[in-house]
Amino acid sequence: MEPLFFALFAVAFTAGIIKGVVGFGMPMVILSGLSFFVPPQVALAGLILPTLLTNGWQALHQGRQAAVQTIKRFKLFLLLGGIAMAASSQLVTDLPEQIFLGALGLIIIGFTAVLAVGWQLPAAACGPRSEAGLATVIGVIGGISGVWAPLTVTYLTAIGTSKQDQIRIQGVIYGLGAVVLFFAHILSGVLNVQTLSLSASLVPPALLGMWVGRKINGRVSALGFRRATLLVLVIAGINLLRRAFWG
């Protein structure tokens, strides 16, 4: 049990460091890392509380008023994304494990590719209709996989959000998404007494890692760190595909 405990601790700590440095990535790292050791649905449950609390910290970093203004500005995105997330999360327990693993692997590799090539939405495509459609897609993917950061970052970049504001906005979007995910997966059964205990145990290392990440932010090469993170995610995604198709 102890080796498993330290492995899970290390995954959450690493995810926290990455989030502290770049502002996102925790769900992908926890989901892919935990899937080496526990069933994927358990890994999905495990990421919920660390994601919720670290994003709450991130969202309030610039004060409560700034967070409230963010909610008002992105109310359509948050509303439609939340509805789509709540609905799609109920499909998780009905998916065969092979399909679930394969879908997670493809999602992580696909999102990592989006980050790697630096693809951006054209600003002209980010009107209310596009925002509504993108929020729905992000919500569906987030409900099934717990991962919704890369497309959100792509959208925020396309509409010209400053780096400082983007960190706060990401925290608000991911934090409220984690609240939806929390209640939705209580309803789906993914989050129960056992998995909730696991998720709670990952909160301290995730918060500690985020604190460390904030300390080293700006002291390391952003490009080198980003490349290392993307490499880890690609390896994790490939491993999920291997488990889906070859056991």
# chains A, B, ... in the order shown; residues from 1 in each chain; ligands from 1
>>> residues_around(residues="Gly105 of chain A", least_positions_apart="5", cutoff="6 Å", atoms="only C-alpha atoms", output="list in words")
Gly237, Leu240 and Leu241 of chain A
>>> residues_around(residues="Ile167 of chain A", least_positions_apart="3", cutoff="10 Å", atoms="only C-alpha atoms", output="list of chain:residue names")
A:Val22, A:Gly23, A:Phe24, A:Asn55, A:Gln58, A:Ala59, A:His61, A:Gln62, A:Val153, A:Thr161, A:Ser162, A:Lys163, A:Gln164, A:Gln170, A:Gly171, A:Val172
>>> select_by_dssp(residues="segment 85-137 of chain A", states="alpha helix (DSSP H)", output="PyMOL selection string")
chain A and resi 85-89+97-117+128-137
>>> closest_residue(among="A:Gly160, A:Gly82, A:Gly142, A:Pro205", to="Gly16 of chain A", atoms="only C-alpha atoms")
A:Pro205
>>> closest_residue(among="A:Trp148, A:Ile30, A:Thr195, A:Leu187", to="Phe9 of chain A", atoms="only C-alpha atoms")
A:Ile30
>>> decode(residues="segment 165-185 of chain A", atoms="N, CA and C atoms", output="PDB file, in the first residue's frame")
ATOM      1  N   ASP A 165      -4.735  38.261 -16.708  1.00  0.00           N
ATOM      2  CA  ASP A 165      -6.169  37.996 -16.592  1.00  0.00           C
ATOM      3  C   ASP A 165      -6.491  36.539 -16.911  1.00  0.00           C
ATOM      4  N   GLN A 166      -5.726  35.961 -17.841  1.00  0.00           N
ATOM      5  CA  GLN A 166      -6.029  34.604 -18.265  1.00  0.00           C
ATOM      6  C   GLN A 166      -5.861  33.607 -17.124  1.00  0.00           C
ATOM      7  N   ILE A 167      -4.868  33.803 -16.275  1.00  0.00           N
ATOM      8  CA  ILE A 167      -4.671  32.905 -15.143  1.00  0.00           C
ATOM      9  C   ILE A 167      -5.900  32.921 -14.238  1.00  0.00           C
ATOM     10  N   ARG A 168      -6.419  34.134 -13.952  1.00  0.00           N
ATOM     11  CA  ARG A 168      -7.604  34.249 -13.105  1.00  0.00           C
ATOM     12  C   ARG A 168      -8.827  33.654 -13.784  1.00  0.00           C
ATOM     13  N   ILE A 169      -9.018  33.975 -15.055  1.00  0.00           N
ATOM     14  CA  ILE A 169     -10.189  33.486 -15.784  1.00  0.00           C
ATOM     15  C   ILE A 169     -10.180  31.968 -15.870  1.00  0.00           C
ATOM     16  N   GLN A 170      -9.010  31.405 -16.126  1.00  0.00           N
ATOM     17  CA  GLN A 170      -8.904  29.946 -16.143  1.00  0.00           C
ATOM     18  C   GLN A 170      -9.322  29.368 -14.797  1.00  0.00           C
ATOM     19  N   GLY A 171      -8.855  29.993 -13.709  1.00  0.00           N
ATOM     20  CA  GLY A 171      -9.205  29.503 -12.386  1.00  0.00           C
ATOM     21  C   GLY A 171     -10.709  29.512 -12.154  1.00  0.00           C
ATOM     22  N   VAL A 172     -11.378  30.584 -12.591  1.00  0.00           N
ATOM     23  CA  VAL A 172     -12.831  30.685 -12.425  1.00  0.00           C
ATOM     24  C   VAL A 172     -13.540  29.617 -13.249  1.00  0.00           C
ATOM     25  N   ILE A 173     -13.162  29.487 -14.525  1.00  0.00           N
ATOM     26  CA  ILE A 173     -13.817  28.522 -15.414  1.00  0.00           C
ATOM     27  C   ILE A 173     -13.587  27.094 -14.933  1.00  0.00           C
ATOM     28  N   TYR A 174     -12.343  26.768 -14.620  1.00  0.00           N
ATOM     29  CA  TYR A 174     -12.038  25.399 -14.189  1.00  0.00           C
ATOM     30  C   TYR A 174     -12.627  25.115 -12.807  1.00  0.00           C
ATOM     31  N   GLY A 175     -12.607  26.129 -11.946  1.00  0.00           N
ATOM     32  CA  GLY A 175     -13.134  25.929 -10.600  1.00  0.00           C
ATOM     33  C   GLY A 175     -14.632  25.667 -10.602  1.00  0.00           C
ATOM     34  N   LEU A 176     -15.389  26.487 -11.345  1.00  0.00           N
ATOM     35  CA  LEU A 176     -16.833  26.269 -11.432  1.00  0.00           C
ATOM     36  C   LEU A 176     -17.134  24.966 -12.166  1.00  0.00           C
ATOM     37  N   GLY A 177     -16.299  24.638 -13.161  1.00  0.00           N
ATOM     38  CA  GLY A 177     -16.463  23.350 -13.847  1.00  0.00           C
ATOM     39  C   GLY A 177     -16.260  22.189 -12.889  1.00  0.00           C
ATOM     40  N   ALA A 178     -15.291  22.332 -11.980  1.00  0.00           N
ATOM     41  CA  ALA A 178     -15.035  21.270 -11.001  1.00  0.00           C
ATOM     42  C   ALA A 178     -16.194  21.125 -10.023  1.00  0.00           C
ATOM     43  N   VAL A 179     -16.872  22.244  -9.704  1.00  0.00           N
ATOM     44  CA  VAL A 179     -18.055  22.169  -8.844  1.00  0.00           C
ATOM     45  C   VAL A 179     -19.146  21.356  -9.534  1.00  0.00           C
ATOM     46  N   VAL A 180     -19.372  21.664 -10.827  1.00  0.00           N
ATOM     47  CA  VAL A 180     -20.365  20.908 -11.603  1.00  0.00           C
ATOM     48  C   VAL A 180     -19.983  19.432 -11.650  1.00  0.00           C
ATOM     49  N   LEU A 181     -18.695  19.171 -11.901  1.00  0.00           N
ATOM     50  CA  LEU A 181     -18.215  17.799 -12.004  1.00  0.00           C
ATOM     51  C   LEU A 181     -18.399  17.053 -10.686  1.00  0.00           C
ATOM     52  N   PHE A 182     -18.179  17.745  -9.585  1.00  0.00           N
ATOM     53  CA  PHE A 182     -18.331  17.144  -8.252  1.00  0.00           C
ATOM     54  C   PHE A 182     -19.749  16.596  -8.060  1.00  0.00           C
ATOM     55  N   PHE A 183     -20.733  17.443  -8.266  1.00  0.00           N
ATOM     56  CA  PHE A 183     -22.120  17.021  -8.048  1.00  0.00           C
ATOM     57  C   PHE A 183     -22.596  16.051  -9.128  1.00  0.00           C
ATOM     58  N   ALA A 184     -22.133  16.269 -10.372  1.00  0.00           N
ATOM     59  CA  ALA A 184     -22.553  15.381 -11.459  1.00  0.00           C
ATOM     60  C   ALA A 184     -22.056  13.965 -11.241  1.00  0.00           C
ATOM     61  N   HIS A 185     -20.825  13.823 -10.716  1.00  0.00           N
ATOM     62  CA  HIS A 185     -20.281  12.477 -10.533  1.00  0.00           C
ATOM     63  C   HIS A 185     -20.702  11.849  -9.202  1.00  0.00           C
TER      64      HIS A 185
END
